[in-house]
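Chemist: Here's a structure for you.
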Amino acid sequence: MNRQPRNTLASCIGKLRTSRPVRLMVSDHPVDYEEARQRMRQLSAEILSGESPETVWLLEHPPLYTAGTSARENDLLDPQRFPVYRTGRGGQYTYHGPGQRIMYVMLDLRRRGRDVRAFVTGLEQLVIDTLADLGIHAGRREDRVGVWVNRPDKGAGMEDKIAAIGVRVSRWITRHGIAINAYPDLEHFSGIVPCGITTHGVTSLQELGAPYDYATLDAALRENFERIFGPLER
């Protein structure tokens, strides 16, 4: 079930779009998490001061776990498996690693309605529409975060998470963003309780038989970002 009625969804997304191009960065090799976090902080400060344009960053990380501000210690099941990083984003534990496409989104909400709820709704819709372009029907759920797909092949009422969303907003500048499971090693999620949810699993584009190469996924992400948030620099 979608979390918001259609008219509310349209209202949220409508205020997010601007005409000023957003810088697009793409990293071709896995980026160290601490390096990425420091870069986001730097860019956020520069966006706040007007020294840098708003920025979207497509990348992946080496294998690691991150803990959001709501993370529970007993949800870290295998603390020795991968490095664990405490973050300032919302949410609980999640896994990042090769085969998971991350889009860090550093936008200035002072120009986009000053509405954090609308921003998160826009990110959710970006993922949902991108997955639809790849042949995957996915959606929001009222009782849990992220983007989900129905898995009737696993049993009645079963669902899997295919994308995580976690953001931080400071002085109206956003950090962090979305992570879509393209072709990660899904077994690596077994070292945590992903997002604190034990009743459902995780899946990937590869497992669902959808296109999972980054070229195809990135093209769909760029197109849907531009439709919701505005143009990207070319």
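For the structure tokens, the naming scheme is as follows: chains receive sequential letters (A, B, ...) according to their order of presentation, residues are indexed from 1 within each chain, and ligands are indexed from 1 in presentation order.
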Would you kindly return, as an mmCIF file with C-alpha atoms, in the first residue's frame, each protein, DNA or RNA residue with an atom no farther than 9 Å from any atom of Ile192 of chain A, considering only C-alpha atoms and excluding same-chain residues fewer than 2 positions away?
Modeler:
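Saved to out.cif:
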```
data_model
loop_
_atom_site.group_PDB
_atom_site.id
_atom_site.type_symbol
_atom_site.label_atom_id
_atom_site.label_comp_id
_atom_site.auth_asym_id
_atom_site.auth_seq_id
_atom_site.Cartn_x
_atom_site.Cartn_y
_atom_site.Cartn_z
ATOM 1 C CA TYR A 65 27.561 -1.935 7.554
ATOM 2 C CA ASN A 74 21.144 -6.325 18.945
ATOM 3 C CA ASP A 75 20.382 -5.873 15.228
ATOM 4 C CA LEU A 76 24.116 -6.114 14.468
ATOM 5 C CA LEU A 77 24.311 -9.904 14.301
ATOM 6 C CA ASP A 78 27.899 -10.314 13.069
ATOM 7 C CA PRO A 79 29.958 -7.287 14.124
ATOM 8 C CA TYR A 93 21.396 -0.869 10.147
ATOM 9 C CA THR A 94 22.007 -1.408 6.466
ATOM 10 C CA TYR A 95 24.582 -3.061 4.256
ATOM 11 C CA HIS A 188 26.004 -10.213 3.294
ATOM 12 C CA PHE A 189 22.720 -8.838 4.652
ATOM 13 C CA SER A 190 22.608 -11.783 7.080
ATOM 14 C CA PRO A 194 18.245 -4.874 7.779
ATOM 15 C CA CYS A 195 16.441 -1.742 8.931
ATOM 16 C CA GLY A 196 15.306 -3.620 12.033
#
```
Chemist: At a cut-off of 8 Å, can you tabulate as a Markdown table every residue of segment 108-185 of chain A near segment 210-234 of chain A together with its closest atom pair and the distance in Å to one decimal, using only C-alpha atoms and ordering rows by chain then number?
Modeler:
```
| residue | atom | partner | partner_atom | distance |
| --- | --- | --- | --- | --- |
| A:Gly122 | CA | A:Ile228 | CA | 6.8 |
| A:Leu126 | CA | A:Asn224 | CA | 5.7 |
| A:Val127 | CA | A:Leu221 | CA | 7.6 |
| A:Asp129 | CA | A:Asn224 | CA | 6.8 |
| A:Thr130 | CA | A:Ala220 | CA | 5.4 |
| A:Asp133 | CA | A:Ala220 | CA | 6.8 |
| A:Leu134 | CA | A:Ala210 | CA | 6.2 |
| A:Gly135 | CA | A:Ala210 | CA | 6.5 |
| A:Ile136 | CA | A:Ala210 | CA | 7.2 |
| A:Ala182 | CA | A:Tyr212 | CA | 5.0 |
| A:Tyr183 | CA | A:Tyr212 | CA | 6.4 |
```
Chemist: Nearest to Gln125 of chain A: which of A:Pro53, A:Gly113, A:Gly166, A:Gly139 is it, counting only C-alpha atoms?
Modeler: A:Gly139
Chemist: Have a look at atom CA of Arg101 of chain A and atom CA of Pro184 of chain A and let me know their distance in Å, one decimal.
Modeler: 9.1 Å
Chemist: Tell me, as a ChimeraX atom specification, which residues lie within 12 Å of segment 32-37 of chain A, counting only C-alpha atoms; anything in the same chain fewer than 6 positions away does not count.
Modeler: /A:43-44,57-66,83-89,95-98,102-104,106,168,175-177
Chemist: Can you tell me, as a PyMOL selection string, what residues are no more than 9 Å from Ala163 of chain A when counting only C-alpha atoms, ignoring any on the same chain fewer than 6 positions away?
Modeler: chain A and resi 127+146-148+178-181+202-204
Chemist: Residues as selected, N, CA and C atoms, written as a short mmCIF file (atom, residue, chain, number, x, y, z; two decimals), in the first residue's frame, can you do that?
Modeler:
```
data_model
loop_
_atom_site.label_atom_id
_atom_site.label_comp_id
_atom_site.auth_asym_id
_atom_site.auth_seq_id
_atom_site.Cartn_x
_atom_site.Cartn_y
_atom_site.Cartn_z
N VAL A 127 12.94 6.13 -6.86
CA VAL A 127 13.27 4.70 -6.87
C VAL A 127 12.14 3.90 -7.51
N GLY A 146 11.75 2.38 3.14
CA GLY A 146 12.36 1.76 1.99
C GLY A 146 11.35 1.51 0.88
N VAL A 147 11.80 0.77 -0.13
CA VAL A 147 10.97 0.43 -1.28
C VAL A 147 10.94 -1.09 -1.38
N TRP A 148 9.74 -1.64 -1.59
CA TRP A 148 9.49 -3.07 -1.42
C TRP A 148 8.84 -3.68 -2.66
N ILE A 178 19.83 7.22 -1.36
CA ILE A 178 19.20 5.95 -1.66
C ILE A 178 20.26 4.90 -2.01
N ALA A 179 19.89 3.64 -1.83
CA ALA A 179 20.75 2.51 -2.21
C ALA A 179 19.86 1.44 -2.84
N ILE A 180 20.11 1.11 -4.09
CA ILE A 180 19.33 0.12 -4.82
C ILE A 180 20.16 -1.14 -4.99
N ASN A 181 19.57 -2.26 -4.65
CA ASN A 181 20.27 -3.54 -4.79
C ASN A 181 20.22 -3.98 -6.25
N VAL A 202 15.36 -9.40 1.71
CA VAL A 202 15.91 -8.44 0.76
C VAL A 202 16.06 -9.15 -0.59
N THR A 203 16.04 -8.37 -1.64
CA THR A 203 16.20 -8.91 -2.98
C THR A 203 17.00 -7.93 -3.82
N SER A 204 17.17 -8.27 -5.09
CA SER A 204 17.96 -7.44 -5.99
C SER A 204 17.37 -7.50 -7.38
#
```
Chemist: At what distance in Å, to one decimal, does atom CA of Thr121 of chain A lie from atom CA of Arg17 of chain A?
Modeler: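 One can read the atom CA of Arg17 of chain A to atom CA of Thr121 of chain A distance as 12.8 Å.
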Chemist: Find, counting only C-alpha atoms, the residue in A:Arg72, A:Leu24, A:Pro152, A:Leu107 that gets nearest to Glu46 of chain A.
Modeler: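 Comparing A:Arg72, A:Leu24, A:Pro152, A:Leu107 against Glu46 of chain A, the winner is A:Leu107.
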Chemist: Figure out the distance between atom CA of Leu205 of chain A and atom CA of Ile128 of chain A, please, to one decimal in Å.
Modeler: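 A separation of 12.7 Å between them.
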Chemist: For Arg114 of chain A, please output as a PyMOL selection string all residues within 10 Å (counting only C-alpha atoms; exclusion window: fewer than 3 positions along the same chain).
Modeler: chain A and resi 15-16+108-111+117-119+171-173
Chemist: Quick one: of A:Leu131, A:Ile165, A:Val26, A:Ala67, who's nearest to Thr55 of chain A, counting only C-alpha atoms?
Modeler: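 Using only C-alpha atoms, Thr55 of chain A sits closest to A:Val26.
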Chemist: Report as a ChimeraX atom specification: the residues of segment 97-222 of chain A with a DSSP assignment of strand (DSSP E), based on the backbone of this structure.
Modeler: /A:100-106,139-141,144-150,159-170,173-181,201-202
Chemist: Tell me which of A:Arg144, A:Gln92, A:Leu208, A:Asp115 sits closest to Ser11 of chain A, counting only C-alpha atoms.
Modeler: A:Asp115
